[in-house]
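Printed here is run36.pdb (PDB, C-alpha atoms, pLDDT in the B column):
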```
ATOM      1  CA  MET A   1     121.276  31.694  79.118  1.00 39.00           C
ATOM      2  CA  THR A   2     124.396  33.636  80.075  1.00 45.00           C
ATOM      3  CA  GLN A   3     126.824  34.527  77.355  1.00 47.00           C
ATOM      4  CA  GLU A   4     130.537  34.336  78.055  1.00 48.00           C
ATOM      5  CA  ILE A   5     132.409  37.440  76.999  1.00 47.00           C
ATOM      6  CA  ASN A   6     136.091  37.256  76.181  1.00 48.00           C
ATOM      7  CA  HIS A   7     137.622  40.282  77.857  1.00 56.00           C
ATOM      8  CA  SER A   8     141.099  41.653  77.617  1.00 81.00           C
ATOM      9  CA  TYR A   9     141.318  42.966  81.168  1.00 87.00           C
ATOM     10  CA  PRO A  10     143.160  46.183  81.966  1.00 90.00           C
ATOM     11  CA  LYS A  11     146.504  45.565  83.644  1.00 87.00           C
ATOM     12  CA  SER A  12     145.396  46.863  87.029  1.00 90.00           C
ATOM     13  CA  TYR A  13     141.863  45.434  86.995  1.00 87.00           C
ATOM     14  CA  ILE A  14     142.452  42.228  88.992  1.00 87.00           C
ATOM     15  CA  ALA A  15     144.396  44.085  91.712  1.00 91.00           C
ATOM     16  CA  ILE A  16     141.686  46.759  91.949  1.00 90.00           C
ATOM     17  CA  GLN A  17     139.013  44.055  92.041  1.00 88.00           C
ATOM     18  CA  GLU A  18     140.735  42.356  94.991  1.00 87.00           C
ATOM     19  CA  ALA A  19     141.217  45.679  96.841  1.00 89.00           C
ATOM     20  CA  THR A  20     137.544  46.439  96.167  1.00 82.00           C
ATOM     21  CA  ARG A  21     136.468  43.123  97.667  1.00 84.00           C
ATOM     22  CA  VAL A  22     138.601  43.722 100.774  1.00 86.00           C
ATOM     23  CA  SER A  23     137.289  47.295 101.138  1.00 83.00           C
ATOM     24  CA  GLY A  24     133.653  46.179 101.226  1.00 77.00           C
ATOM     25  CA  PHE A  25     132.658  48.421  98.281  1.00 75.00           C
ATOM     26  CA  THR A  26     129.589  46.777  96.724  1.00 70.00           C
ATOM     27  CA  MET A  27     128.499  49.167  93.975  1.00 71.00           C
ATOM     28  CA  ALA A  28     131.141  48.509  91.328  1.00 74.00           C
ATOM     29  CA  SER A  29     130.144  48.449  87.669  1.00 81.00           C
ATOM     30  CA  ASP A  30     129.761  44.955  86.248  1.00 88.00           C
ATOM     31  CA  ILE A  31     132.187  43.498  83.714  1.00 89.00           C
ATOM     32  CA  GLN A  32     129.829  43.866  80.732  1.00 93.00           C
ATOM     33  CA  THR A  33     129.346  47.563  81.466  1.00 94.00           C
ATOM     34  CA  CYS A  34     133.092  48.013  81.856  1.00 94.00           C
ATOM     35  CA  SER A  35     133.779  46.338  78.505  1.00 94.00           C
ATOM     36  CA  LEU A  36     131.259  48.643  76.826  1.00 96.00           C
ATOM     37  CA  LEU A  37     132.829  51.694  78.495  1.00 97.00           C
ATOM     38  CA  LYS A  38     136.204  50.703  77.023  1.00 97.00           C
ATOM     39  CA  THR A  39     134.766  50.232  73.528  1.00 97.00           C
ATOM     40  CA  LEU A  40     132.914  53.557  73.606  1.00 98.00           C
ATOM     41  CA  ALA A  41     136.035  55.316  74.932  1.00 98.00           C
ATOM     42  CA  ALA A  42     137.920  54.191  71.837  1.00 98.00           C
ATOM     43  CA  SER A  43     135.432  56.166  69.715  1.00 98.00           C
ATOM     44  CA  LYS A  44     136.695  59.483  71.135  1.00 98.00           C
ATOM     45  CA  PRO A  45     140.393  59.852  70.245  1.00 98.00           C
ATOM     46  CA  ALA A  46     142.016  62.832  71.988  1.00 98.00           C
ATOM     47  CA  GLY A  47     138.738  63.263  73.827  1.00 98.00           C
ATOM     48  CA  LYS A  48     137.883  64.888  77.134  1.00 98.00           C
ATOM     49  CA  PHE A  49     136.321  62.321  79.468  1.00 98.00           C
ATOM     50  CA  LEU A  50     134.408  62.717  82.729  1.00 98.00           C
ATOM     51  CA  GLU A  51     133.484  59.984  85.180  1.00 98.00           C
ATOM     52  CA  LEU A  52     131.121  60.959  87.980  1.00 98.00           C
ATOM     53  CA  GLY A  53     131.609  58.350  90.690  1.00 95.00           C
ATOM     54  CA  THR A  54     135.057  56.749  90.622  1.00 95.00           C
ATOM     55  CA  GLY A  55     134.367  54.258  93.381  1.00 91.00           C
ATOM     56  CA  THR A  56     137.515  52.141  93.623  1.00 94.00           C
ATOM     57  CA  GLY A  57     138.436  52.672  89.968  1.00 94.00           C
ATOM     58  CA  LEU A  58     137.217  49.457  88.343  1.00 94.00           C
ATOM     59  CA  SER A  59     135.287  51.215  85.567  1.00 95.00           C
ATOM     60  CA  THR A  60     137.981  53.913  85.453  1.00 97.00           C
ATOM     61  CA  ALA A  61     140.550  51.274  84.497  1.00 97.00           C
ATOM     62  CA  TRP A  62     138.411  50.151  81.569  1.00 96.00           C
ATOM     63  CA  ILE A  63     137.757  53.691  80.344  1.00 98.00           C
ATOM     64  CA  LEU A  64     141.499  54.383  80.423  1.00 98.00           C
ATOM     65  CA  GLU A  65     142.121  51.134  78.531  1.00 96.00           C
ATOM     66  CA  GLY A  66     139.946  52.360  75.650  1.00 97.00           C
ATOM     67  CA  MET A  67     141.223  55.963  75.602  1.00 98.00           C
ATOM     68  CA  SER A  68     143.898  57.201  73.223  1.00 98.00           C
ATOM     69  CA  GLN A  69     147.199  58.356  74.699  1.00 98.00           C
ATOM     70  CA  ASP A  70     146.328  62.026  74.097  1.00 98.00           C
ATOM     71  CA  ALA A  71     142.891  61.825  75.777  1.00 98.00           C
ATOM     72  CA  LYS A  72     142.199  63.127  79.304  1.00 98.00           C
ATOM     73  CA  LEU A  73     139.909  61.739  82.021  1.00 98.00           C
ATOM     74  CA  VAL A  74     138.654  63.552  85.120  1.00 98.00           C
ATOM     75  CA  SER A  75     137.106  61.159  87.636  1.00 98.00           C
ATOM     76  CA  ILE A  76     135.495  62.370  90.853  1.00 98.00           C
ATOM     77  CA  ASP A  77     134.280  60.718  94.024  1.00 96.00           C
ATOM     78  CA  ASN A  78     133.336  61.881  97.511  1.00 96.00           C
ATOM     79  CA  ASP A  79     134.700  58.821  99.354  1.00 94.00           C
ATOM     80  CA  GLU A  80     138.407  59.199 100.065  1.00 95.00           C
ATOM     81  CA  VAL A  81     138.880  55.575 101.179  1.00 93.00           C
ATOM     82  CA  PHE A  82     137.596  54.140  97.908  1.00 93.00           C
ATOM     83  CA  LEU A  83     139.244  56.834  95.801  1.00 95.00           C
ATOM     84  CA  GLN A  84     142.584  55.914  97.399  1.00 96.00           C
ATOM     85  CA  ILE A  85     142.318  52.447  95.849  1.00 95.00           C
ATOM     86  CA  ALA A  86     141.955  54.037  92.419  1.00 96.00           C
ATOM     87  CA  GLN A  87     144.850  56.393  93.186  1.00 97.00           C
ATOM     88  CA  GLU A  88     147.114  53.531  94.228  1.00 97.00           C
ATOM     89  CA  HIS A  89     146.488  51.472  91.095  1.00 96.00           C
ATOM     90  CA  LEU A  90     145.792  54.119  88.426  1.00 97.00           C
ATOM     91  CA  GLY A  91     147.309  57.344  89.741  1.00 96.00           C
ATOM     92  CA  SER A  92     150.487  57.031  87.676  1.00 97.00           C
ATOM     93  CA  ASP A  93     148.505  57.355  84.418  1.00 97.00           C
ATOM     94  CA  GLN A  94     149.160  60.916  83.243  1.00 98.00           C
ATOM     95  CA  ARG A  95     145.848  61.008  81.366  1.00 98.00           C
ATOM     96  CA  LEU A  96     143.885  60.665  84.615  1.00 98.00           C
ATOM     97  CA  THR A  97     142.962  63.307  87.188  1.00 98.00           C
ATOM     98  CA  LEU A  98     141.309  61.894  90.305  1.00 98.00           C
ATOM     99  CA  VAL A  99     139.373  64.428  92.375  1.00 98.00           C
ATOM    100  CA  HIS A 100     138.119  63.923  95.930  1.00 98.00           C
ATOM    101  CA  THR A 101     135.100  66.214  96.229  1.00 97.00           C
ATOM    102  CA  ASP A 102     131.349  66.425  96.609  1.00 95.00           C
ATOM    103  CA  GLY A 103     129.626  65.822  93.266  1.00 95.00           C
ATOM    104  CA  ALA A 104     127.295  68.827  93.544  1.00 96.00           C
ATOM    105  CA  ASP A 105     130.185  71.165  94.385  1.00 97.00           C
ATOM    106  CA  TRP A 106     132.255  69.859  91.493  1.00 97.00           C
ATOM    107  CA  VAL A 107     129.443  70.210  88.956  1.00 97.00           C
ATOM    108  CA  GLU A 108     128.587  73.733  90.133  1.00 96.00           C
ATOM    109  CA  ASN A 109     132.249  74.809  89.987  1.00 97.00           C
ATOM    110  CA  ASN A 110     132.865  73.298  86.530  1.00 98.00           C
ATOM    111  CA  ARG A 111     129.698  74.161  84.636  1.00 95.00           C
ATOM    112  CA  GLY A 112     131.657  75.783  81.813  1.00 96.00           C
ATOM    113  CA  GLN A 113     133.648  72.628  81.053  1.00 98.00           C
ATOM    114  CA  LYS A 114     132.780  70.563  77.977  1.00 98.00           C
ATOM    115  CA  TYR A 115     133.321  66.837  77.522  1.00 98.00           C
ATOM    116  CA  ASP A 116     133.204  64.276  74.725  1.00 98.00           C
ATOM    117  CA  TYR A 117     132.237  61.381  77.014  1.00 98.00           C
ATOM    118  CA  ILE A 118     130.510  61.389  80.390  1.00 98.00           C
ATOM    119  CA  PHE A 119     129.914  58.262  82.450  1.00 98.00           C
ATOM    120  CA  ALA A 120     127.545  59.247  85.265  1.00 97.00           C
ATOM    121  CA  ASP A 121     127.804  56.469  87.821  1.00 93.00           C
ATOM    122  CA  THR A 122     126.548  58.322  90.877  1.00 92.00           C
ATOM    123  CA  TRP A 123     123.601  60.484  91.883  1.00 92.00           C
ATOM    124  CA  HIS A 124     125.088  63.729  90.555  1.00 94.00           C
ATOM    125  CA  GLY A 125     124.747  63.847  86.807  1.00 95.00           C
ATOM    126  CA  LYS A 126     122.095  61.160  86.888  1.00 95.00           C
ATOM    127  CA  TYR A 127     119.404  61.800  89.488  1.00 95.00           C
ATOM    128  CA  LEU A 128     120.721  65.177  90.652  1.00 96.00           C
ATOM    129  CA  LEU A 129     121.987  68.064  88.489  1.00 97.00           C
ATOM    130  CA  LEU A 130     121.081  66.157  85.331  1.00 97.00           C
ATOM    131  CA  ASP A 131     120.528  69.240  83.180  1.00 97.00           C
ATOM    132  CA  GLU A 132     123.770  70.835  84.353  1.00 98.00           C
ATOM    133  CA  VAL A 133     125.784  67.732  83.467  1.00 98.00           C
ATOM    134  CA  LEU A 134     124.056  67.244  80.102  1.00 98.00           C
ATOM    135  CA  ASP A 135     124.964  70.868  79.313  1.00 97.00           C
ATOM    136  CA  MET A 136     128.628  69.811  79.661  1.00 98.00           C
ATOM    137  CA  LEU A 137     128.368  67.567  76.592  1.00 98.00           C
ATOM    138  CA  ASN A 138     129.991  68.669  73.349  1.00 98.00           C
ATOM    139  CA  PRO A 139     127.981  68.051  70.166  1.00 98.00           C
ATOM    140  CA  GLY A 140     128.365  64.361  69.337  1.00 98.00           C
ATOM    141  CA  ALA A 141     129.426  63.529  72.902  1.00 98.00           C
ATOM    142  CA  LEU A 142     128.385  60.356  74.703  1.00 98.00           C
ATOM    143  CA  TYR A 143     126.420  60.280  77.964  1.00 98.00           C
ATOM    144  CA  ILE A 144     126.373  56.824  79.554  1.00 98.00           C
ATOM    145  CA  ILE A 145     124.538  55.546  82.629  1.00 97.00           C
ATOM    146  CA  ASP A 146     124.121  52.057  84.054  1.00 95.00           C
ATOM    147  CA  ASP A 147     122.044  50.365  86.771  1.00 92.00           C
ATOM    148  CA  MET A 148     118.781  51.261  85.045  1.00 94.00           C
ATOM    149  CA  LEU A 149     117.306  47.779  85.534  1.00 92.00           C
ATOM    150  CA  PRO A 150     116.209  46.874  89.090  1.00 90.00           C
ATOM    151  CA  GLN A 151     119.213  46.134  91.301  1.00 85.00           C
ATOM    152  CA  PRO A 152     119.292  44.230  94.615  1.00 84.00           C
ATOM    153  CA  ASN A 153     120.855  47.228  96.411  1.00 80.00           C
ATOM    154  CA  TRP A 154     118.149  49.716  95.327  1.00 84.00           C
ATOM    155  CA  PRO A 155     116.359  51.340  98.259  1.00 87.00           C
ATOM    156  CA  GLU A 156     112.563  51.234  98.275  1.00 90.00           C
ATOM    157  CA  GLY A 157     111.099  53.668  95.747  1.00 89.00           C
ATOM    158  CA  HIS A 158     114.270  53.908  93.646  1.00 91.00           C
ATOM    159  CA  ASP A 159     112.504  52.236  90.732  1.00 91.00           C
ATOM    160  CA  LEU A 160     110.273  55.315  90.465  1.00 93.00           C
ATOM    161  CA  LYS A 161     113.348  57.573  90.329  1.00 93.00           C
ATOM    162  CA  ALA A 162     114.812  55.426  87.540  1.00 94.00           C
ATOM    163  CA  LEU A 163     111.561  55.588  85.534  1.00 95.00           C
ATOM    164  CA  LYS A 164     111.425  59.375  85.977  1.00 96.00           C
ATOM    165  CA  LEU A 165     115.033  59.693  84.792  1.00 97.00           C
ATOM    166  CA  ILE A 166     114.246  57.663  81.674  1.00 96.00           C
ATOM    167  CA  GLU A 167     111.206  59.852  80.972  1.00 96.00           C
ATOM    168  CA  ASP A 168     113.313  63.002  81.401  1.00 96.00           C
ATOM    169  CA  LEU A 169     115.979  61.725  78.999  1.00 97.00           C
ATOM    170  CA  GLU A 170     113.393  60.640  76.412  1.00 96.00           C
ATOM    171  CA  ALA A 171     111.721  64.054  76.550  1.00 96.00           C
ATOM    172  CA  ARG A 172     114.902  65.928  75.629  1.00 96.00           C
ATOM    173  CA  GLU A 173     115.158  66.985  72.003  1.00 96.00           C
ATOM    174  CA  ASP A 174     118.942  67.446  72.159  1.00 97.00           C
ATOM    175  CA  LEU A 175     119.707  63.764  72.854  1.00 98.00           C
ATOM    176  CA  VAL A 176     119.556  60.640  70.721  1.00 98.00           C
ATOM    177  CA  ILE A 177     119.210  57.720  73.130  1.00 97.00           C
ATOM    178  CA  THR A 178     119.287  53.946  73.185  1.00 97.00           C
ATOM    179  CA  LYS A 179     118.090  51.946  76.196  1.00 96.00           C
ATOM    180  CA  GLN A 180     119.694  48.542  76.546  1.00 94.00           C
ATOM    181  CA  VAL A 181     118.211  45.666  78.520  1.00 92.00           C
ATOM    182  CA  TRP A 182     121.700  44.248  78.969  1.00 89.00           C
ATOM    183  CA  ALA A 183     124.197  44.091  81.820  1.00 91.00           C
ATOM    184  CA  THR A 184     122.608  46.171  84.605  1.00 91.00           C
ATOM    185  CA  GLY A 185     120.526  48.228  82.186  1.00 94.00           C
ATOM    186  CA  ILE A 186     122.472  50.801  80.224  1.00 96.00           C
ATOM    187  CA  ILE A 187     121.389  53.994  78.517  1.00 98.00           C
ATOM    188  CA  ILE A 188     123.654  55.590  75.933  1.00 98.00           C
ATOM    189  CA  ALA A 189     122.830  59.064  74.701  1.00 98.00           C
ATOM    190  CA  VAL A 190     124.535  61.223  72.105  1.00 98.00           C
ATOM    191  CA  LYS A 191     124.275  64.997  72.209  1.00 98.00           C
ATOM    192  CA  ALA A 192     122.707  66.103  68.937  1.00 95.00           C
ATOM    193  CA  SER A 193     124.618  68.859  67.151  1.00 76.00           C
TER
END
```

Take the structure in the file and write it out as structure tokens.
Amino acid sequence: MTQEINHSYPKSYIAIQEATRVSGFTMASDIQTCSLLKTLAASKPAGKFLELGTGTGLSTAWILEGMSQDAKLVSIDNDEVFLQIAQEHLGSDQRLTLVHTDGADWVENNRGQKYDYIFADTWHGKYLLLDEVLDMLNPGALYIIDDMLPQPNWPEGHDLKALKLIEDLEAREDLVITKQVWATGIIIAVKAS
């Protein structure tokens, strides 16, 4: 049984969704995940936000929708074509900094930064450089990942990587985590103070 969710869509969402379809990008976050990202963003007024993996900006739009006007979001992606869609539709938002760069380079060059909310939607900060990204969390900060349930676009053997990631997160004593069998499989962690 599928539950209908009543969403108040961000202004730019439908236009980004159409540009995403035309672009051929197939790894966008689903609508349930996006709604949750918005709700969790509202819990961090004046917060510092980080999104690893902008894609075309669909989830970015929802995070911005939940953020307070004095919050700041840095969103990075290594694909200039997809990032340009986000730039076109969201670039005028003064709270947002879009960065075209390699994820590993960005993490290595910004290790001293601290954030109140990190959505890791790419390999870096999730399957690669996990410890380095978790070290960027302020006490009480949120770390959010999706696609933890089997997905049709997973390459062979990816399920083992996902299980290993879950084990690594559960073994950490500095995180309080909840695993949700909902949407595409979401894990929310809070950095213990």

Worksheet item: For this file, the PyMOL selection byres ((chain A and resi 97-114) around 8) selects which residues, as an NGL selection string?
Response: :A and (48 or 52 or 72-80 or 83 or 87 or 91 or 94-96 or 115-116 or 124 or 129 or 132-133 or 135-138)

Could you turn the residues from that selection into a file that holds C-alpha atoms, as a short mmCIF file (atom, residue, chain, number, x, y, z; two decimals), keeping the file's coordinate frame?
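Generated output (again-v1.cif):
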```
data_model
loop_
_atom_site.label_atom_id
_atom_site.label_comp_id
_atom_site.auth_asym_id
_atom_site.auth_seq_id
_atom_site.Cartn_x
_atom_site.Cartn_y
_atom_site.Cartn_z
CA LYS A 48 137.88 64.89 77.13
CA LEU A 52 131.12 60.96 87.98
CA LYS A 72 142.20 63.13 79.30
CA LEU A 73 139.91 61.74 82.02
CA VAL A 74 138.65 63.55 85.12
CA SER A 75 137.11 61.16 87.64
CA ILE A 76 135.50 62.37 90.85
CA ASP A 77 134.28 60.72 94.02
CA ASN A 78 133.34 61.88 97.51
CA ASP A 79 134.70 58.82 99.35
CA GLU A 80 138.41 59.20 100.06
CA LEU A 83 139.24 56.83 95.80
CA GLN A 87 144.85 56.39 93.19
CA GLY A 91 147.31 57.34 89.74
CA GLN A 94 149.16 60.92 83.24
CA ARG A 95 145.85 61.01 81.37
CA LEU A 96 143.88 60.66 84.62
CA TYR A 115 133.32 66.84 77.52
CA ASP A 116 133.20 64.28 74.72
CA HIS A 124 125.09 63.73 90.56
CA LEU A 129 121.99 68.06 88.49
CA GLU A 132 123.77 70.83 84.35
CA VAL A 133 125.78 67.73 83.47
CA ASP A 135 124.96 70.87 79.31
CA MET A 136 128.63 69.81 79.66
CA LEU A 137 128.37 67.57 76.59
CA ASN A 138 129.99 68.67 73.35
#
```

I want to know what sits within 12 Å of Tyr117 (chain A), based on all atoms listed in the file, with residues of the same chain fewer than 4 positions away left out; could you give that as an mmCIF file with C-alpha atoms, in the frame of the given file?
```cif
data_model
loop_
_atom_site.group_PDB
_atom_site.id
_atom_site.type_symbol
_atom_site.label_atom_id
_atom_site.label_comp_id
_atom_site.auth_asym_id
_atom_site.auth_seq_id
_atom_site.Cartn_x
_atom_site.Cartn_y
_atom_site.Cartn_z
ATOM 1 C CA LEU A 37 132.829 51.694 78.495
ATOM 2 C CA LYS A 38 136.204 50.703 77.023
ATOM 3 C CA THR A 39 134.766 50.232 73.528
ATOM 4 C CA LEU A 40 132.914 53.557 73.606
ATOM 5 C CA ALA A 41 136.035 55.316 74.932
ATOM 6 C CA ALA A 42 137.920 54.191 71.837
ATOM 7 C CA SER A 43 135.432 56.166 69.715
ATOM 8 C CA LYS A 44 136.695 59.483 71.135
ATOM 9 C CA PRO A 45 140.393 59.852 70.245
ATOM 10 C CA ALA A 46 142.016 62.832 71.988
ATOM 11 C CA GLY A 47 138.738 63.263 73.827
ATOM 12 C CA LYS A 48 137.883 64.888 77.134
ATOM 13 C CA PHE A 49 136.321 62.321 79.468
ATOM 14 C CA LEU A 50 134.408 62.717 82.729
ATOM 15 C CA GLU A 51 133.484 59.984 85.180
ATOM 16 C CA LEU A 52 131.121 60.959 87.980
ATOM 17 C CA ILE A 63 137.757 53.691 80.344
ATOM 18 C CA GLY A 66 139.946 52.360 75.650
ATOM 19 C CA MET A 67 141.223 55.963 75.602
ATOM 20 C CA ALA A 71 142.891 61.825 75.777
ATOM 21 C CA LYS A 72 142.199 63.127 79.304
ATOM 22 C CA LEU A 73 139.909 61.739 82.021
ATOM 23 C CA VAL A 74 138.654 63.552 85.120
ATOM 24 C CA SER A 75 137.106 61.159 87.636
ATOM 25 C CA VAL A 133 125.784 67.732 83.467
ATOM 26 C CA LEU A 134 124.056 67.244 80.102
ATOM 27 C CA MET A 136 128.628 69.811 79.661
ATOM 28 C CA LEU A 137 128.368 67.567 76.592
ATOM 29 C CA ASN A 138 129.991 68.669 73.349
ATOM 30 C CA PRO A 139 127.981 68.051 70.166
ATOM 31 C CA GLY A 140 128.365 64.361 69.337
ATOM 32 C CA ALA A 141 129.426 63.529 72.902
ATOM 33 C CA LEU A 142 128.385 60.356 74.703
ATOM 34 C CA TYR A 143 126.420 60.280 77.964
ATOM 35 C CA ILE A 144 126.373 56.824 79.554
ATOM 36 C CA ILE A 145 124.538 55.546 82.629
ATOM 37 C CA ILE A 188 123.654 55.590 75.933
ATOM 38 C CA ALA A 189 122.830 59.064 74.701
ATOM 39 C CA VAL A 190 124.535 61.223 72.105
ATOM 40 C CA LYS A 191 124.275 64.997 72.209
#
```

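Across the model, the gap from CA of Thr122 (chain A) to CA of Met148 (chain A) is 12.0 Å.
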
Set out as JSON lines a contact list for region 53-150 of chain A and region 9-14 of chain A with a cut-off of 10 Å, giving each residue of region 53-150 of chain A that qualifies its closest atom pair and distance in Å to one decimal, counting all atoms listed in the file, ordered by chain and rising residue number.
```
{"residue": "A:Gly57", "atom": "CA", "partner": "A:Tyr13", "partner_atom": "CA", "distance": 8.5}
{"residue": "A:Leu58", "atom": "CA", "partner": "A:Tyr13", "partner_atom": "CA", "distance": 6.3}
{"residue": "A:Ser59", "atom": "CA", "partner": "A:Tyr13", "partner_atom": "CA", "distance": 8.9}
{"residue": "A:Thr60", "atom": "CA", "partner": "A:Tyr13", "partner_atom": "CA", "distance": 9.5}
{"residue": "A:Ala61", "atom": "CA", "partner": "A:Pro10", "partner_atom": "CA", "distance": 6.3}
{"residue": "A:Trp62", "atom": "CA", "partner": "A:Pro10", "partner_atom": "CA", "distance": 6.2}
{"residue": "A:Ile63", "atom": "CA", "partner": "A:Pro10", "partner_atom": "CA", "distance": 9.4}
{"residue": "A:Leu64", "atom": "CA", "partner": "A:Pro10", "partner_atom": "CA", "distance": 8.5}
{"residue": "A:Glu65", "atom": "CA", "partner": "A:Pro10", "partner_atom": "CA", "distance": 6.1}
{"residue": "A:Gly66", "atom": "CA", "partner": "A:Pro10", "partner_atom": "CA", "distance": 9.4}
{"residue": "A:Ala86", "atom": "CA", "partner": "A:Ser12", "partner_atom": "CA", "distance": 9.6}
{"residue": "A:Glu88", "atom": "CA", "partner": "A:Ser12", "partner_atom": "CA", "distance": 10.0}
{"residue": "A:His89", "atom": "CA", "partner": "A:Ser12", "partner_atom": "CA", "distance": 6.2}
{"residue": "A:Leu90", "atom": "CA", "partner": "A:Ser12", "partner_atom": "CA", "distance": 7.4}
```

Selection to disk with C-alpha atoms, as an mmCIF file, keeping the file's coordinate frame:
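For reference, part-v6.cif as written:
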```
data_model
loop_
_atom_site.group_PDB
_atom_site.id
_atom_site.type_symbol
_atom_site.label_atom_id
_atom_site.label_comp_id
_atom_site.auth_asym_id
_atom_site.auth_seq_id
_atom_site.Cartn_x
_atom_site.Cartn_y
_atom_site.Cartn_z
ATOM 1 C CA GLY A 57 138.436 52.672 89.968
ATOM 2 C CA LEU A 58 137.217 49.457 88.343
ATOM 3 C CA SER A 59 135.287 51.215 85.567
ATOM 4 C CA THR A 60 137.981 53.913 85.453
ATOM 5 C CA ALA A 61 140.550 51.274 84.497
ATOM 6 C CA TRP A 62 138.411 50.151 81.569
ATOM 7 C CA ILE A 63 137.757 53.691 80.344
ATOM 8 C CA LEU A 64 141.499 54.383 80.423
ATOM 9 C CA GLU A 65 142.121 51.134 78.531
ATOM 10 C CA GLY A 66 139.946 52.360 75.650
ATOM 11 C CA ALA A 86 141.955 54.037 92.419
ATOM 12 C CA GLU A 88 147.114 53.531 94.228
ATOM 13 C CA HIS A 89 146.488 51.472 91.095
ATOM 14 C CA LEU A 90 145.792 54.119 88.426
#
```

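When CA of Lys126 (chain A) is paired with CA of Asp93 (chain A), their separation reads 26.8 Å.
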
Could you list, as a PDB file with C-alpha atoms, keeping the file's coordinate frame, every residue matched by the PyMOL selection byres ((chain A and resi 171-183) around 9) in this structure?
```pdb
ATOM      1  CA  ASP A  30     129.761  44.955  86.248  1.00 88.00           C
ATOM      2  CA  ILE A  31     132.187  43.498  83.714  1.00 89.00           C
ATOM      3  CA  GLN A  32     129.829  43.866  80.732  1.00 93.00           C
ATOM      4  CA  THR A  33     129.346  47.563  81.466  1.00 94.00           C
ATOM      5  CA  ASP A 146     124.121  52.057  84.054  1.00 95.00           C
ATOM      6  CA  ASP A 147     122.044  50.365  86.771  1.00 92.00           C
ATOM      7  CA  MET A 148     118.781  51.261  85.045  1.00 94.00           C
ATOM      8  CA  LEU A 149     117.306  47.779  85.534  1.00 92.00           C
ATOM      9  CA  ILE A 166     114.246  57.663  81.674  1.00 96.00           C
ATOM     10  CA  GLU A 167     111.206  59.852  80.972  1.00 96.00           C
ATOM     11  CA  ASP A 168     113.313  63.002  81.401  1.00 96.00           C
ATOM     12  CA  LEU A 169     115.979  61.725  78.999  1.00 97.00           C
ATOM     13  CA  GLU A 170     113.393  60.640  76.412  1.00 96.00           C
ATOM     14  CA  THR A 184     122.608  46.171  84.605  1.00 91.00           C
ATOM     15  CA  GLY A 185     120.526  48.228  82.186  1.00 94.00           C
ATOM     16  CA  ILE A 186     122.472  50.801  80.224  1.00 96.00           C
ATOM     17  CA  ILE A 187     121.389  53.994  78.517  1.00 98.00           C
ATOM     18  CA  ILE A 188     123.654  55.590  75.933  1.00 98.00           C
ATOM     19  CA  ALA A 189     122.830  59.064  74.701  1.00 98.00           C
ATOM     20  CA  VAL A 190     124.535  61.223  72.105  1.00 98.00           C
ATOM     21  CA  LYS A 191     124.275  64.997  72.209  1.00 98.00           C
ATOM     22  CA  ALA A 192     122.707  66.103  68.937  1.00 95.00           C
ATOM     23  CA  SER A 193     124.618  68.859  67.151  1.00 76.00           C
TER      24      SER A 193
END
```

Discussion item. So that I can see what lies close to Phe25 (chain A), please list as a PyMOL selection string the residues with an atom at most 10 Å from it, counting all atoms listed in the file and leaving out residues fewer than 2 positions away in the same chain.
Written reply: chain A and resi 17+19-23+27-28+55-56+81-82

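Between Asp131 (chain A) and the candidates A:Pro155, A:Leu165, A:Pro150, A:Leu36, the tightest atom-to-atom separation, counting only C-alpha atoms, involves A:Leu165.
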
Worksheet item: For the atom pair CA of Asp121 (chain A) and CA of Gly53 (chain A), what is the interatomic distance in Å to one decimal place?
Response: 5.1 Å

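Distances here use all atoms listed in the file; by that measure, the residue among A:Ser68, A:Ser8, A:Ser35, A:Thr54 closest to Gln84 (chain A) is A:Thr54.
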
Centre and edge lengths of an axis-aligned box around all listed atoms of region 8-19 of chain A, with 3 Å added on each side, are to be given in Å to one decimal, as lines of an AutoDock Vina configuration file.
```
center_x = 142.8
center_y = 44.3
center_z = 87.2
size_x = 13.5
size_y = 11.2
size_z = 25.2
```
